[in-house]
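*Asks:* Contents of start-v2.csv (CSV, C-alpha atoms) are given next:
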```csv
chain,number,residue,atom,x,y,z
A,1,PRO,CA,-32.7,-24.5,10.3
A,2,ARG,CA,-35.1,-22.2,8.4
A,3,MET,CA,-33.6,-19.1,9.9
A,4,ALA,CA,-30.1,-20.3,9.1
A,5,GLU,CA,-31.2,-21.1,5.5
A,6,ALA,CA,-32.8,-17.6,5.1
A,7,LYS,CA,-29.6,-16.0,6.4
A,8,ALA,CA,-27.4,-18.0,3.9
A,9,MET,CA,-29.7,-17.3,0.9
A,10,ARG,CA,-29.3,-13.5,0.9
A,11,LYS,CA,-29.9,-12.0,-2.5
A,12,ALA,CA,-26.7,-10.7,-4.2
A,13,ASP,CA,-26.9,-7.3,-5.9
A,14,TRP,CA,-24.1,-7.8,-8.4
A,15,PHE,CA,-26.0,-10.1,-10.8
A,16,PRO,CA,-29.7,-10.9,-11.2
A,17,GLY,CA,-30.6,-14.2,-9.5
A,18,ALA,CA,-27.2,-14.5,-7.8
A,19,VAL,CA,-27.0,-15.5,-4.1
A,20,ALA,CA,-24.5,-13.9,-1.7
A,21,PRO,CA,-22.5,-16.3,0.5
A,22,SER,CA,-23.5,-16.2,4.2
A,23,TYR,CA,-20.2,-14.8,5.4
A,24,LEU,CA,-20.9,-11.6,3.4
A,25,ASN,CA,-24.0,-10.9,5.5
A,26,VAL,CA,-22.2,-7.9,7.0
A,27,ASP,CA,-22.9,-4.2,6.8
A,28,LEU,CA,-20.1,-2.8,4.6
A,29,ALA,CA,-20.1,-0.1,2.1
A,30,GLY,CA,-20.3,-1.5,-1.5
A,31,ASN,CA,-21.1,-5.0,-0.3
A,32,VAL,CA,-23.0,-6.5,-3.1
A,33,GLY,CA,-22.4,-10.2,-2.2
A,34,PHE,CA,-19.6,-10.7,-4.8
A,35,ASP,CA,-17.0,-13.3,-4.0
A,36,PRO,CA,-17.5,-16.1,-6.6
A,37,LEU,CA,-14.0,-17.5,-6.0
A,38,CYS,CA,-14.2,-17.3,-2.2
A,39,MET,CA,-11.1,-15.1,-2.0
A,40,VAL,CA,-12.1,-14.2,1.6
A,41,ALA,CA,-10.8,-17.6,2.7
A,42,LEU,CA,-7.2,-16.5,1.8
A,43,ALA,CA,-7.1,-13.9,4.5
A,44,PRO,CA,-4.2,-14.9,6.8
A,45,THR,CA,-6.0,-14.4,10.1
A,46,GLY,CA,-4.9,-17.6,11.8
A,47,ALA,CA,-8.4,-19.2,11.8
A,48,SER,CA,-8.8,-22.8,12.8
A,49,VAL,CA,-9.8,-23.7,9.3
A,50,ASP,CA,-6.5,-22.4,7.9
A,51,SER,CA,-4.5,-25.3,9.3
A,52,GLY,CA,-4.8,-29.0,10.1
A,53,PRO,CA,-7.2,-31.2,8.1
A,54,TRP,CA,-9.2,-28.2,6.9
A,55,ALA,CA,-6.2,-26.6,5.1
A,56,SER,CA,-6.5,-29.0,2.2
A,57,GLN,CA,-10.2,-28.4,1.7
A,58,GLU,CA,-11.6,-26.0,-0.9
A,59,ARG,CA,-12.1,-22.5,0.1
A,60,LYS,CA,-15.9,-22.5,0.2
A,61,THR,CA,-15.9,-25.5,2.5
A,62,ARG,CA,-13.4,-23.8,4.9
A,63,MET,CA,-15.6,-20.7,5.1
A,64,VAL,CA,-18.7,-22.9,5.8
A,65,MET,CA,-16.9,-24.6,8.6
A,66,ALA,CA,-15.4,-21.4,10.1
A,67,THR,CA,-17.0,-20.0,13.2
A,68,GLU,CA,-19.0,-16.7,12.8
A,69,TYR,CA,-16.1,-14.8,14.5
A,70,GLU,CA,-13.5,-16.3,12.2
A,71,ALA,CA,-15.5,-15.7,9.1
A,72,HIS,CA,-16.2,-12.1,10.1
A,73,LYS,CA,-12.5,-11.5,10.9
A,74,LYS,CA,-11.5,-12.7,7.4
A,75,VAL,CA,-14.0,-10.4,5.8
A,76,MET,CA,-12.7,-7.4,7.8
A,77,TRP,CA,-9.1,-8.3,6.9
A,78,MET,CA,-10.0,-8.4,3.2
A,79,ARG,CA,-12.0,-5.1,3.4
A,80,GLU,CA,-9.0,-3.4,5.1
A,81,ALA,CA,-6.8,-4.6,2.2
A,82,GLU,CA,-9.3,-3.7,-0.4
A,83,ILE,CA,-9.7,-0.1,0.8
A,84,LYS,CA,-6.0,0.5,1.1
A,85,HIS,CA,-5.4,-0.9,-2.4
A,86,SER,CA,-8.3,1.2,-3.7
A,87,ARG,CA,-6.7,4.4,-2.3
A,88,LEU,CA,-3.3,3.6,-3.8
A,89,ALA,CA,-5.0,2.8,-7.2
A,90,MET,CA,-7.0,6.0,-7.2
A,91,MET,CA,-3.7,8.0,-6.8
A,92,ALA,CA,-1.9,5.9,-9.4
A,93,ALA,CA,-4.8,6.2,-11.9
A,94,ALA,CA,-4.6,9.9,-11.7
A,95,GLY,CA,-0.9,10.2,-11.3
A,96,TRP,CA,0.1,8.0,-14.3
A,97,PRO,CA,-1.5,10.1,-17.1
A,98,ILE,CA,-0.9,13.5,-15.3
A,99,SER,CA,2.9,12.7,-15.0
A,100,GLU,CA,3.0,12.2,-18.8
A,101,LEU,CA,1.3,15.5,-19.4
A,102,LEU,CA,3.3,17.6,-16.9
A,103,ASP,CA,6.8,16.1,-17.1
A,104,ARG,CA,8.0,18.0,-20.1
A,105,PRO,CA,6.7,21.5,-19.1
A,106,LEU,CA,8.0,21.0,-15.5
A,107,SER,CA,11.4,19.8,-16.7
A,108,LYS,CA,11.7,22.8,-19.1
A,109,LEU,CA,10.7,25.2,-16.3
A,110,LEU,CA,13.3,23.8,-13.9
A,111,GLY,CA,15.9,23.3,-16.5
A,112,LEU,CA,16.1,19.5,-15.9
A,113,PRO,CA,16.4,16.7,-18.4
A,114,THR,CA,13.0,15.2,-19.5
A,115,VAL,CA,12.6,11.6,-18.4
A,116,LEU,CA,10.0,10.9,-21.1
A,117,ASP,CA,12.7,11.2,-23.7
A,118,GLN,CA,14.1,7.9,-22.5
A,119,THR,CA,10.7,6.2,-22.4
A,120,ALA,CA,9.2,7.2,-25.8
A,121,GLY,CA,6.8,9.6,-24.0
A,122,ARG,CA,5.6,7.1,-21.5
A,123,ALA,CA,5.5,7.5,-17.7
A,124,PRO,CA,8.5,5.7,-16.1
A,125,SER,CA,7.3,2.3,-15.0
A,126,LEU,CA,8.6,-1.2,-14.1
A,127,PHE,CA,7.8,-2.4,-17.6
A,128,ASN,CA,9.9,0.2,-19.5
A,129,GLY,CA,12.8,-0.1,-17.0
A,130,HIS,CA,12.9,3.4,-15.7
A,131,LEU,CA,10.7,3.2,-12.6
A,132,PHE,CA,13.5,4.1,-10.2
A,133,ASP,CA,15.4,6.6,-12.5
A,134,GLY,CA,16.0,10.1,-11.4
A,135,VAL,CA,13.8,12.0,-8.9
A,136,GLN,CA,11.0,9.5,-9.0
A,137,GLY,CA,13.2,6.8,-7.5
A,138,VAL,CA,13.8,8.9,-4.4
A,139,PHE,CA,10.1,9.8,-4.3
A,140,LEU,CA,9.1,6.2,-4.5
A,141,GLY,CA,11.5,5.3,-1.7
A,142,LEU,CA,10.0,7.9,0.5
A,143,VAL,CA,6.4,6.8,-0.3
A,144,MET,CA,7.4,3.2,0.5
A,145,LEU,CA,8.8,4.3,3.9
A,146,ALA,CA,5.6,6.3,4.7
A,147,THR,CA,3.4,3.3,3.7
A,148,ALA,CA,5.5,1.0,5.9
A,149,ALA,CA,5.1,3.3,8.8
A,150,LEU,CA,1.3,3.6,8.3
A,151,GLU,CA,1.1,-0.2,8.1
A,152,LEU,CA,3.0,-0.6,11.3
A,153,ASN,CA,0.7,1.8,13.1
A,154,THR,CA,-2.4,0.1,11.9
A,155,LEU,CA,-1.4,-3.6,12.5
A,156,ASP,CA,-4.1,-4.0,15.2
A,157,ASN,CA,-6.7,-2.9,12.7
A,158,VAL,CA,-5.5,-5.4,10.1
A,159,GLU,CA,-5.3,-8.2,12.6
A,160,GLY,CA,-8.8,-7.5,13.9
A,161,LEU,CA,-7.6,-6.5,17.4
A,162,THR,CA,-9.4,-3.2,17.4
A,163,PRO,CA,-12.8,-2.6,19.0
A,164,THR,CA,-15.8,-4.0,17.1
A,165,GLY,CA,-16.9,-0.5,16.0
A,166,TYR,CA,-13.8,0.0,13.9
A,167,VAL,CA,-14.5,0.9,10.2
A,168,PRO,CA,-12.0,-0.7,7.9
A,169,GLY,CA,-9.6,1.8,6.4
A,170,ASP,CA,-10.5,4.6,8.9
A,171,VAL,CA,-7.1,6.0,10.0
A,172,GLY,CA,-8.6,9.3,11.2
A,173,PHE,CA,-7.5,11.2,8.0
A,174,ASP,CA,-10.2,13.5,6.7
A,175,PRO,CA,-8.9,17.1,6.7
A,176,ALA,CA,-11.6,18.3,4.3
A,177,ASN,CA,-14.4,16.6,6.4
A,178,LEU,CA,-15.7,14.9,3.2
A,179,ARG,CA,-17.3,12.0,5.1
A,180,ASP,CA,-19.9,14.3,6.7
A,181,LYS,CA,-20.8,16.0,3.4
A,182,ARG,CA,-22.4,12.9,1.8
A,183,LYS,CA,-23.9,9.9,3.5
A,184,ASP,CA,-22.9,7.6,0.7
A,185,MET,CA,-19.2,8.7,0.8
A,186,PRO,CA,-17.9,5.3,2.0
A,187,THR,CA,-19.8,3.6,-0.9
A,188,ALA,CA,-18.5,6.2,-3.4
A,189,GLU,CA,-15.0,5.7,-2.2
A,190,ILE,CA,-15.0,1.9,-2.5
A,191,LYS,CA,-16.7,2.0,-5.9
A,192,HIS,CA,-14.2,4.6,-7.3
A,193,GLY,CA,-11.4,2.5,-5.8
A,194,ARG,CA,-12.5,-0.7,-7.5
A,195,LEU,CA,-12.7,1.1,-10.8
A,196,ALA,CA,-9.3,2.6,-10.2
A,197,MET,CA,-7.8,-0.8,-9.6
A,198,LEU,CA,-9.2,-2.0,-12.9
A,199,ALA,CA,-7.9,1.1,-14.6
A,200,VAL,CA,-4.3,0.8,-13.3
A,201,THR,CA,-4.3,-2.9,-14.2
A,202,GLY,CA,-5.3,-1.8,-17.7
A,203,PHE,CA,-2.5,0.8,-17.8
A,204,ALA,CA,0.0,-1.9,-16.8
A,205,VAL,CA,-1.2,-4.4,-19.3
A,206,GLN,CA,-1.1,-1.9,-22.1
A,207,GLU,CA,2.4,-0.8,-21.1
A,208,PHE,CA,3.6,-4.4,-21.2
A,209,VAL,CA,1.9,-5.3,-24.5
A,210,TRP,CA,2.6,-2.1,-26.4
```
Output the structure of this file as structure tokens.
*Replies:*
Amino acid sequence: PRMAEAKAMRKADWFPGAVAPSYLNVDLAGNVGFDPLCMVALAPTGASVDSGPWASQERKTRMVMATEYEAHKKVMWMREAEIKHSRLAMMAAAGWPISELLDRPLSKLLGLPTVLDQTAGRAPSLFNGHLFDGVQGVFLGLVMLATAALELNTLDNVEGLTPTGYVPGDVGFDPANLRDKRKDMPTAEIKHGRLAMLAVTGFAVQEFVW
């Protein structure tokens, strides 16, 4: 009992005095024990606590009653989703402002109409109704197809069917060999990704409000 209690009471690094939930006692880059709403329980991994009488219980109770394997599988599923969303957000956070800066000069250079003239100088987005206009509509379609193909090829990773040594988000793509240049590269990536997700959310909220 004392060993189990010690394991469950791991100190969280995201806030002074906070305690990390026991299911986050895993070695993952950027793991500071932060999951106050127990979002991990929402991972659709087909665990025994996702159906039957446990399905109606609160998320924290379900994670306590889950087996160690089921809890670990949910954490890995969520990390896989987090790293993929982080990478998309980092590209979007850079691409959104860059597109507003380069659209006019590139359009002038190529002799094409400027999309920003229709959006009051803003990057085409879902909120201003021009997301799929012109060339960017074709580009987004190709990106969606490429993303779908990548997802289909990594379904085993997402479902936790890969060997136990699998690192979430590792699809074998590192042409510049960046991972070997810094030991903390995985931590740097997930932290920048989380910041990018907040940034893109801020972009979208500002676009909608103003």
*Asks:* Would you mind listing what lies within 9 Å of segment 129-134 of chain A as a list of chain:residue names, with only C-alpha atoms counted and same-chain residues fewer than 5 positions away left out?
*Replies:* A:Val115, A:Gln118, A:Thr119, A:Ala123, A:Pro124, A:Phe139, A:Leu140, A:Gly141
*Asks:* Pick the closest to Thr154 of chain A from A:Thr45, A:Gln206, A:Glu80, A:Arg182: which is it, counting all atoms listed in the file?
*Replies:* A:Glu80
*Asks:* What separation in Å, quoted to one decimal, exists between atom CA of Val200 of chain A and atom CA of Ala93 of chain A?
*Replies:* 5.6 Å
*Asks:* Could you tell me which of A:Ala29, A:Ala199, A:Met185, A:Met76 comes closest to Tyr166 of chain A if we count all atoms listed in the file?
*Replies:*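 Looking only at the distances to Tyr166 of chain A, the closest residue turns out to be A:Met76.
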*Asks:* So what do you get for atom CA of Asp184 of chain A versus atom CA of Val19 of chain A, distance-wise?
*Replies:*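 About the pair atom CA of Asp184 of chain A and atom CA of Val19 of chain A: they are 23.9 Å apart.
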*Asks:* Have a look at atom CA of Pro168 of chain A and atom CA of Ile83 of chain A and let me know their distance in Å, one decimal.
*Replies:*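 According to the coordinates, atom CA of Pro168 of chain A and atom CA of Ile83 of chain A are separated by 7.5 Å.
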